[in-house]
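Asks: If you scroll down you'll find the structure; I have some questions about it.
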Amino acid sequence: MPYARYGKTFRALREQKHLPLSFFNKPNIGLSKSTLGRFERGETMISFDKLDVALQEMNVSLSEYEYFVNDFILDFQEEILLEIEESDFKSDTEKLKTLSNEAISTGYPLLAYASKSCYSNLDLEEQEEVLDYLYGIEKWGYFEISLLYFTVSKLAEQEIVYLVKQFWERNENILGLFRYRRRILQTAYRAVGVLCLRGEKKLAFELLNQSIEENKEKDFFISVLHLFVLGLYTYCFEEDQKGIQFGRKALNLISDLGDEQLKAYYVNRYKDFSLCLK
């Protein structure tokens, strides 16, 4: 039964909190005892919306639930994504190459392309494979958003805008989850940076405005990232000195947090712009 571990985990959480099946038969959840019982027995799956609300009623985040479902072990793909991100953050090209080769040899080409995108261009066939996969997505998960995050600088302008809009339009619910919202906004701002450096003012402006609207929770890290990218946009298309001021302020805020490695990452990623911030 493919759903068994999901229902079993939900049942364990429910019983741990001493909640009866009838607790979830509320107007805001709408899960009958029989429906929930079948889910817990692994006979069927319930919709993402209902599962998310039911977990919220138990004060359990979706990411915690996924962690419990996987027996406290990160999914293999997530482990590799974390290693790619850490290696990219440290500009560790040799590690990125190793990760790419390992992903290819173990049958995960998309992970290989995510890693390769951090240190090299993708060839046409690799780009098409990434696009074929991303264009076919109905429900964007953390892996799919992360794949776009790492490969976005290797894609054409119209493809970037289309794909970013797709995960906004189709994932309104997961924007309420911190982990997903942060990754989505990181991806969107990275896309804005790519468009700025390519001189695509109109497309960059469009995504920049959408990103501002989606940061309703005022995540400090995302707010600083927004300020930096806003500085890049302003520098490229409006008033260079004002853009430099925004960029300096963002880097100073990162320094105030004592995260010089993060500061170095953004300085290195946007070298031409960062040279003006000194």
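Naming works like this for the structure tokens: A, B, ... for the chains as they're shown, residue 1 at the start of each chain, ligands 1 onward in shown order.
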Can you list, as a VMD selection string, every protein, DNA or RNA residue that comes within 8 Å of Lys50 in chain A when you count only C-alpha atoms, leaving out same-chain residues fewer than 6 positions away?

Replies: chain A and resid 29 to 31

Asks: Write out as a list in words which residues come within 12 Å of Asp123 in chain A when counting only C-alpha atoms, dropping same-chain ones fewer than 5 positions away.

Replies: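 Near Asp123 in chain A, the qualifying residues are Tyr113, Lys116, Ser117, Glu128, Glu129, Val130, Thr151, Lys154 and Leu155 of chain A.
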
Asks: Any idea what's packed within 10 Å of Ala191 in chain A, counting only C-alpha atoms, ignoring anything in its chain fewer than 2 positions away? Could you give it as a ChimeraX atom specification?

Replies: /A:148-149,151-153,155,157,160-161,164,185-189,193-196,203-204,207-208,229

Asks: Tell me, which residues of range 39-276 of chain A carry DSSP alpha helix (DSSP H), written as a VMD selection string?

Replies: chain A and resid 39 to 40 48 to 57 62 to 69 76 to 89 93 to 105 109 to 116 124 to 135 142 to 151 157 to 170 178 to 197 201 to 214 220 to 237 240 to 256 260 to 269 271 to 275

Asks: Counting only C-alpha atoms, figure out which residue out of A:Arg183, A:Lys202, A:Lys271, A:Lys97 gets nearest to Gly141 in chain A.

Replies: A:Arg183

Asks: Could you tell me how far CA of Leu275 in chain A lies from CA of Glu85 in chain A, in Å and to one decimal?

Replies: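 CA of Glu85 in chain A lies 24.2 Å from CA of Leu275 in chain A.
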
Asks: Nearest residue to Lys263 in chain A out of A:Tyr119, A:Ala114, A:Phe221, A:Leu232, using only C-alpha atoms?

Replies: A:Phe221

Asks: Here is a test: counting only C-alpha atoms, which residue of A:Glu213, A:Glu66, A:Glu200, A:Glu94 is nearest to Cys236 in chain A?

Replies: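 Counting only C-alpha atoms, the residue closest to Cys236 in chain A is A:Glu200.
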
Asks: Write out as a list in words each polymer residue whose atoms come within 12 Å of range 258-261 of chain A, counting only C-alpha atoms; drop sequence neighbours fewer than 3 positions from it.

Replies: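 Counting only the stated atoms, we get Glu86, Asp88, Phe89, Lys90, Ser91, Phe221, Leu251, Asn252, Leu253, Ile254, Ser255, Ala264, Tyr265, Tyr266, Val267 and Asn268 of chain A.
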
Asks: For the residues in the current selection, export C-alpha atoms as an mmCIF file, in the first residue's frame.

Replies:
data_model
loop_
_atom_site.group_PDB
_atom_site.id
_atom_site.type_symbol
_atom_site.label_atom_id
_atom_site.label_comp_id
_atom_site.auth_asym_id
_atom_site.auth_seq_id
_atom_site.Cartn_x
_atom_site.Cartn_y
_atom_site.Cartn_z
ATOM 1 C CA GLU A 86 26.514 24.176 0.652
ATOM 2 C CA ASP A 88 27.794 26.432 -4.151
ATOM 3 C CA PHE A 89 27.830 28.666 -1.078
ATOM 4 C CA LYS A 90 31.499 27.814 -0.515
ATOM 5 C CA SER A 91 32.349 28.013 -4.243
ATOM 6 C CA PHE A 221 16.787 37.054 5.125
ATOM 7 C CA LEU A 251 25.672 43.846 2.504
ATOM 8 C CA ASN A 252 26.041 45.896 5.696
ATOM 9 C CA LEU A 253 22.959 44.201 7.149
ATOM 10 C CA ILE A 254 24.508 40.817 6.391
ATOM 11 C CA SER A 255 27.744 41.957 8.074
ATOM 12 C CA ALA A 264 31.159 36.941 0.247
ATOM 13 C CA TYR A 265 28.785 34.649 -1.630
ATOM 14 C CA TYR A 266 26.696 37.528 -2.984
ATOM 15 C CA VAL A 267 29.759 39.652 -3.695
ATOM 16 C CA ASN A 268 31.231 36.791 -5.715
#

Asks: Check the smallest atom-to-atom distance from each of A:Lys165, A:His18, A:His226, A:Arg38 to Glu206 in chain A using only C-alpha atoms, then report the winner.

Replies: A:Lys165

Asks: Name all residues at most 10 Å from Leu13 in chain A (count only C-alpha atoms; drop same-chain ones fewer than 5 positions away) and give them as number ranges by chain.

Replies: A: 7-8, 18-19, 55, 58, 60, 65, 68

Asks: Applying 12 Å and only C-alpha atoms, which residues near Glu138 in chain A remain after dropping the ones on its own chain fewer than 5 positions away? List them as a PyMOL selection string.

Replies: chain A and resi 133+144+163+166-171

Asks: Pick out the closest residue to Lys95 in chain A from this set: A:Gly37, A:Glu238, A:Ile80, A:Gly107. Count only C-alpha atoms.

Replies: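 Answer, going by the shortest atom-to-atom distance: A:Ile80.
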
Asks: Leaving out Arg5 in chain A and any residue of its chain fewer than 4 positions from it, which residues lie within 12 Å of it when counting only C-alpha atoms, given as a PDB file with all heavy atoms, in the first residue's frame?

Replies:
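Dumped to result_28.pdb:
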ATOM      1  N   MET A   1       0.847  -1.193   0.000  1.00  0.00           N
ATOM      2  CA  MET A   1       0.000   0.000   0.000  1.00  0.00           C
ATOM      3  C   MET A   1       0.880   1.240   0.000  1.00  0.00           C
ATOM      4  O   MET A   1       1.569   1.508   0.996  1.00  0.00           O
ATOM      5  CB  MET A   1      -0.926  -0.002   1.214  1.00  0.00           C
ATOM      6  CG  MET A   1      -2.008  -1.088   1.153  1.00  0.00           C
ATOM      7  SD  MET A   1      -3.115  -1.048   2.567  1.00  0.00           S
ATOM      8  CE  MET A   1      -2.079  -1.726   3.836  1.00  0.00           C
ATOM      9  N   THR A   9       1.895   7.513   9.995  1.00  0.00           N
ATOM     10  CA  THR A   9       2.543   8.637  10.686  1.00  0.00           C
ATOM     11  C   THR A   9       1.498   9.609  11.224  1.00  0.00           C
ATOM     12  O   THR A   9       1.621  10.093  12.360  1.00  0.00           O
ATOM     13  CB  THR A   9       3.501   9.371   9.725  1.00  0.00           C
ATOM     14  OG1 THR A   9       4.486   8.454   9.261  1.00  0.00           O
ATOM     15  CG2 THR A   9       4.185  10.538  10.417  1.00  0.00           C
ATOM     16  N   PHE A  10       0.482   9.897  10.404  1.00  0.00           N
ATOM     17  CA  PHE A  10      -0.579  10.807  10.859  1.00  0.00           C
ATOM     18  C   PHE A  10      -1.270  10.231  12.093  1.00  0.00           C
ATOM     19  O   PHE A  10      -1.523  10.953  13.068  1.00  0.00           O
ATOM     20  CB  PHE A  10      -1.597  11.025   9.740  1.00  0.00           C
ATOM     21  CG  PHE A  10      -2.622  12.071  10.061  1.00  0.00           C
ATOM     22  CD1 PHE A  10      -2.427  13.395   9.679  1.00  0.00           C
ATOM     23  CD2 PHE A  10      -3.781  11.747  10.762  1.00  0.00           C
ATOM     24  CE1 PHE A  10      -3.365  14.376   9.990  1.00  0.00           C
ATOM     25  CE2 PHE A  10      -4.719  12.714  11.085  1.00  0.00           C
ATOM     26  CZ  PHE A  10      -4.514  14.039  10.687  1.00  0.00           C
ATOM     27  N   ARG A  11      -1.559   8.938  12.049  1.00  0.00           N
ATOM     28  CA  ARG A  11      -2.234   8.303  13.185  1.00  0.00           C
ATOM     29  C   ARG A  11      -1.382   8.397  14.448  1.00  0.00           C
ATOM     30  O   ARG A  11      -1.891   8.687  15.541  1.00  0.00           O
ATOM     31  CB  ARG A  11      -2.541   6.843  12.863  1.00  0.00           C
ATOM     32  CG  ARG A  11      -3.242   6.116  14.008  1.00  0.00           C
ATOM     33  CD  ARG A  11      -3.562   4.682  13.637  1.00  0.00           C
ATOM     34  NE  ARG A  11      -4.225   4.006  14.739  1.00  0.00           N
ATOM     35  CZ  ARG A  11      -4.669   2.754  14.682  1.00  0.00           C
ATOM     36  NH1 ARG A  11      -4.517   2.040  13.566  1.00  0.00           N
ATOM     37  NH2 ARG A  11      -5.246   2.202  15.729  1.00  0.00           N
ATOM     38  N   ALA A  12      -0.076   8.160  14.314  1.00  0.00           N
ATOM     39  CA  ALA A  12       0.816   8.233  15.477  1.00  0.00           C
ATOM     40  C   ALA A  12       0.810   9.627  16.082  1.00  0.00           C
ATOM     41  O   ALA A  12       0.768   9.787  17.316  1.00  0.00           O
ATOM     42  CB  ALA A  12       2.232   7.838  15.061  1.00  0.00           C
ATOM     43  N   PHE A  39      -7.506   6.701   5.378  1.00  0.00           N
ATOM     44  CA  PHE A  39      -6.180   7.288   5.172  1.00  0.00           C
ATOM     45  C   PHE A  39      -5.182   6.695   6.156  1.00  0.00           C
ATOM     46  O   PHE A  39      -4.070   6.287   5.778  1.00  0.00           O
ATOM     47  CB  PHE A  39      -6.251   8.805   5.327  1.00  0.00           C
ATOM     48  CG  PHE A  39      -4.912   9.495   5.383  1.00  0.00           C
ATOM     49  CD1 PHE A  39      -4.017   9.400   4.327  1.00  0.00           C
ATOM     50  CD2 PHE A  39      -4.544  10.252   6.502  1.00  0.00           C
ATOM     51  CE1 PHE A  39      -2.776  10.037   4.376  1.00  0.00           C
ATOM     52  CE2 PHE A  39      -3.316  10.882   6.552  1.00  0.00           C
ATOM     53  CZ  PHE A  39      -2.425  10.774   5.484  1.00  0.00           C
ATOM     54  N   GLU A  40      -5.553   6.604   7.418  1.00  0.00           N
ATOM     55  CA  GLU A  40      -4.642   6.090   8.430  1.00  0.00           C
ATOM     56  C   GLU A  40      -4.325   4.609   8.223  1.00  0.00           C
ATOM     57  O   GLU A  40      -3.245   4.142   8.598  1.00  0.00           O
ATOM     58  CB  GLU A  40      -5.223   6.306   9.824  1.00  0.00           C
ATOM     59  CG  GLU A  40      -5.252   7.768  10.239  1.00  0.00           C
ATOM     60  CD  GLU A  40      -5.655   7.987  11.685  1.00  0.00           C
ATOM     61  OE1 GLU A  40      -6.128   7.021  12.327  1.00  0.00           O
ATOM     62  OE2 GLU A  40      -5.500   9.110  12.188  1.00  0.00           O
ATOM     63  N   ARG A  41      -5.257   3.880   7.592  1.00  0.00           N
ATOM     64  CA  ARG A  41      -5.016   2.456   7.304  1.00  0.00           C
ATOM     65  C   ARG A  41      -4.235   2.254   6.008  1.00  0.00           C
ATOM     66  O   ARG A  41      -3.912   1.123   5.641  1.00  0.00           O
ATOM     67  CB  ARG A  41      -6.345   1.706   7.231  1.00  0.00           C
ATOM     68  CG  ARG A  41      -7.077   1.593   8.565  1.00  0.00           C
ATOM     69  CD  ARG A  41      -8.223   0.614   8.484  1.00  0.00           C
ATOM     70  NE  ARG A  41      -9.255   1.038   7.544  1.00  0.00           N
ATOM     71  CZ  ARG A  41     -10.273   1.843   7.846  1.00  0.00           C
ATOM     72  NH1 ARG A  41     -10.385   2.326   9.095  1.00  0.00           N
ATOM     73  NH2 ARG A  41     -11.172   2.160   6.946  1.00  0.00           N
ATOM     74  N   GLY A  42      -3.949   3.345   5.307  1.00  0.00           N
ATOM     75  CA  GLY A  42      -3.175   3.248   4.078  1.00  0.00           C
ATOM     76  C   GLY A  42      -3.988   2.850   2.866  1.00  0.00           C
ATOM     77  O   GLY A  42      -3.426   2.465   1.832  1.00  0.00           O
ATOM     78  N   GLU A  43      -5.317   2.965   2.954  1.00  0.00           N
ATOM     79  CA  GLU A  43      -6.179   2.554   1.847  1.00  0.00           C
ATOM     80  C   GLU A  43      -6.349   3.649   0.802  1.00  0.00           C
ATOM     81  O   GLU A  43      -6.666   3.363  -0.352  1.00  0.00           O
ATOM     82  CB  GLU A  43      -7.552   2.143   2.389  1.00  0.00           C
ATOM     83  CG  GLU A  43      -7.483   0.938   3.313  1.00  0.00           C
ATOM     84  CD  GLU A  43      -8.794   0.684   4.020  1.00  0.00           C
ATOM     85  OE1 GLU A  43      -9.782   1.402   3.714  1.00  0.00           O
ATOM     86  OE2 GLU A  43      -8.841  -0.223   4.871  1.00  0.00           O
ATOM     87  N   THR A  44      -6.163   4.895   1.200  1.00  0.00           N
ATOM     88  CA  THR A  44      -6.344   6.016   0.289  1.00  0.00           C
ATOM     89  C   THR A  44      -5.515   7.196   0.770  1.00  0.00           C
ATOM     90  O   THR A  44      -4.986   7.176   1.886  1.00  0.00           O
ATOM     91  CB  THR A  44      -7.831   6.429   0.198  1.00  0.00           C
ATOM     92  OG1 THR A  44      -7.985   7.428  -0.807  1.00  0.00           O
ATOM     93  CG2 THR A  44      -8.328   6.978   1.530  1.00  0.00           C
ATOM     94  N   MET A  45      -5.400   8.211  -0.069  1.00  0.00           N
ATOM     95  CA  MET A  45      -4.678   9.426   0.294  1.00  0.00           C
ATOM     96  C   MET A  45      -5.692  10.560   0.401  1.00  0.00           C
ATOM     97  O   MET A  45      -6.732  10.530  -0.263  1.00  0.00           O
ATOM     98  CB  MET A  45      -3.630   9.757  -0.783  1.00  0.00           C
ATOM     99  CG  MET A  45      -2.616  10.798  -0.377  1.00  0.00           C
ATOM    100  SD  MET A  45      -1.556  10.250   0.970  1.00  0.00           S
ATOM    101  CE  MET A  45      -0.486  11.678   1.172  1.00  0.00           C
ATOM    102  N   TYR A  65       6.169  16.810   9.371  1.00  0.00           N
ATOM    103  CA  TYR A  65       5.433  15.609   8.987  1.00  0.00           C
ATOM    104  C   TYR A  65       6.230  14.790   7.967  1.00  0.00           C
ATOM    105  O   TYR A  65       6.355  13.573   8.091  1.00  0.00           O
ATOM    106  CB  TYR A  65       4.080  16.006   8.423  1.00  0.00           C
ATOM    107  CG  TYR A  65       3.244  14.870   7.890  1.00  0.00           C
ATOM    108  CD1 TYR A  65       2.709  13.904   8.742  1.00  0.00           C
ATOM    109  CD2 TYR A  65       2.985  14.763   6.522  1.00  0.00           C
ATOM    110  CE1 TYR A  65       1.940  12.857   8.250  1.00  0.00           C
ATOM    111  CE2 TYR A  65       2.210  13.730   6.020  1.00  0.00           C
ATOM    112  CZ  TYR A  65       1.688  12.783   6.891  1.00  0.00           C
ATOM    113  OH  TYR A  65       0.917  11.759   6.393  1.00  0.00           O
ATOM    114  N   GLU A  66       6.770  15.475   6.961  1.00  0.00           N
ATOM    115  CA  GLU A  66       7.584  14.785   5.956  1.00  0.00           C
ATOM    116  C   GLU A  66       8.780  14.108   6.616  1.00  0.00           C
ATOM    117  O   GLU A  66       9.170  12.998   6.247  1.00  0.00           O
ATOM    118  CB  GLU A  66       8.074  15.788   4.910  1.00  0.00           C
ATOM    119  CG  GLU A  66       6.964  16.330   4.022  1.00  0.00           C
ATOM    120  CD  GLU A  66       7.457  17.435   3.104  1.00  0.00           C
ATOM    121  OE1 GLU A  66       8.523  18.017   3.390  1.00  0.00           O
ATOM    122  OE2 GLU A  66       6.771  17.732   2.120  1.00  0.00           O
ATOM    123  N   TYR A  67       9.351  14.792   7.599  1.00  0.00           N
ATOM    124  CA  TYR A  67      10.506  14.258   8.327  1.00  0.00           C
ATOM    125  C   TYR A  67      10.124  12.979   9.073  1.00  0.00           C
ATOM    126  O   TYR A  67      10.834  11.976   9.029  1.00  0.00           O
ATOM    127  CB  TYR A  67      10.988  15.327   9.299  1.00  0.00           C
ATOM    128  CG  TYR A  67      12.304  15.039  10.006  1.00  0.00           C
ATOM    129  CD1 TYR A  67      13.442  14.685   9.296  1.00  0.00           C
ATOM    130  CD2 TYR A  67      12.393  15.162  11.381  1.00  0.00           C
ATOM    131  CE1 TYR A  67      14.647  14.450   9.948  1.00  0.00           C
ATOM    132  CE2 TYR A  67      13.599  14.950  12.044  1.00  0.00           C
ATOM    133  CZ  TYR A  67      14.717  14.587  11.323  1.00  0.00           C
ATOM    134  OH  TYR A  67      15.903  14.366  11.963  1.00  0.00           O
ATOM    135  N   PHE A  68       8.955  12.993   9.739  1.00  0.00           N
ATOM    136  CA  PHE A  68       8.470  11.821  10.458  1.00  0.00           C
ATOM    137  C   PHE A  68       8.145  10.683   9.490  1.00  0.00           C
ATOM    138  O   PHE A  68       8.444   9.522   9.759  1.00  0.00           O
ATOM    139  CB  PHE A  68       7.225  12.166  11.281  1.00  0.00           C
ATOM    140  CG  PHE A  68       7.477  13.139  12.399  1.00  0.00           C
ATOM    141  CD1 PHE A  68       6.576  14.150  12.676  1.00  0.00           C
ATOM    142  CD2 PHE A  68       8.617  13.042  13.181  1.00  0.00           C
ATOM    143  CE1 PHE A  68       6.798  15.049  13.698  1.00  0.00           C
ATOM    144  CE2 PHE A  68       8.849  13.937  14.215  1.00  0.00           C
ATOM    145  CZ  PHE A  68       7.940  14.943  14.481  1.00  0.00           C
ATOM    146  N   VAL A  69       7.513  11.023   8.354  1.00  0.00           N
ATOM    147  CA  VAL A  69       7.154  10.020   7.357  1.00  0.00           C
ATOM    148  C   VAL A  69       8.379   9.263   6.881  1.00  0.00           C
ATOM    149  O   VAL A  69       8.350   8.052   6.666  1.00  0.00           O
ATOM    150  CB  VAL A  69       6.419  10.671   6.154  1.00  0.00           C
ATOM    151  CG1 VAL A  69       6.368   9.717   4.966  1.00  0.00           C
ATOM    152  CG2 VAL A  69       5.010  11.087   6.550  1.00  0.00           C
ATOM    153  N   ASN A  70       9.485   9.989   6.718  1.00  0.00           N
ATOM    154  CA  ASN A  70      10.720   9.377   6.239  1.00  0.00           C
ATOM    155  C   ASN A  70      11.575   8.803   7.359  1.00  0.00           C
ATOM    156  O   ASN A  70      12.781   8.599   7.195  1.00  0.00           O
ATOM    157  CB  ASN A  70      11.536  10.417   5.447  1.00  0.00           C
ATOM    158  CG  ASN A  70      10.901  10.731   4.114  1.00  0.00           C
ATOM    159  OD1 ASN A  70      10.553   9.832   3.356  1.00  0.00           O
ATOM    160  ND2 ASN A  70      10.736  12.007   3.825  1.00  0.00           N
ATOM    161  N   ASP A  71      10.926   8.567   8.505  1.00  0.00           N
ATOM    162  CA  ASP A  71      11.636   7.979   9.653  1.00  0.00           C
ATOM    163  C   ASP A  71      12.853   8.794  10.056  1.00  0.00           C
ATOM    164  O   ASP A  71      13.926   8.253  10.350  1.00  0.00           O
ATOM    165  CB  ASP A  71      12.051   6.534   9.356  1.00  0.00           C
ATOM    166  CG  ASP A  71      10.849   5.620   9.200  1.00  0.00           C
ATOM    167  OD1 ASP A  71       9.845   5.822   9.900  1.00  0.00           O
ATOM    168  OD2 ASP A  71      10.924   4.715   8.356  1.00  0.00           O
TER     169      ASP A  71
END
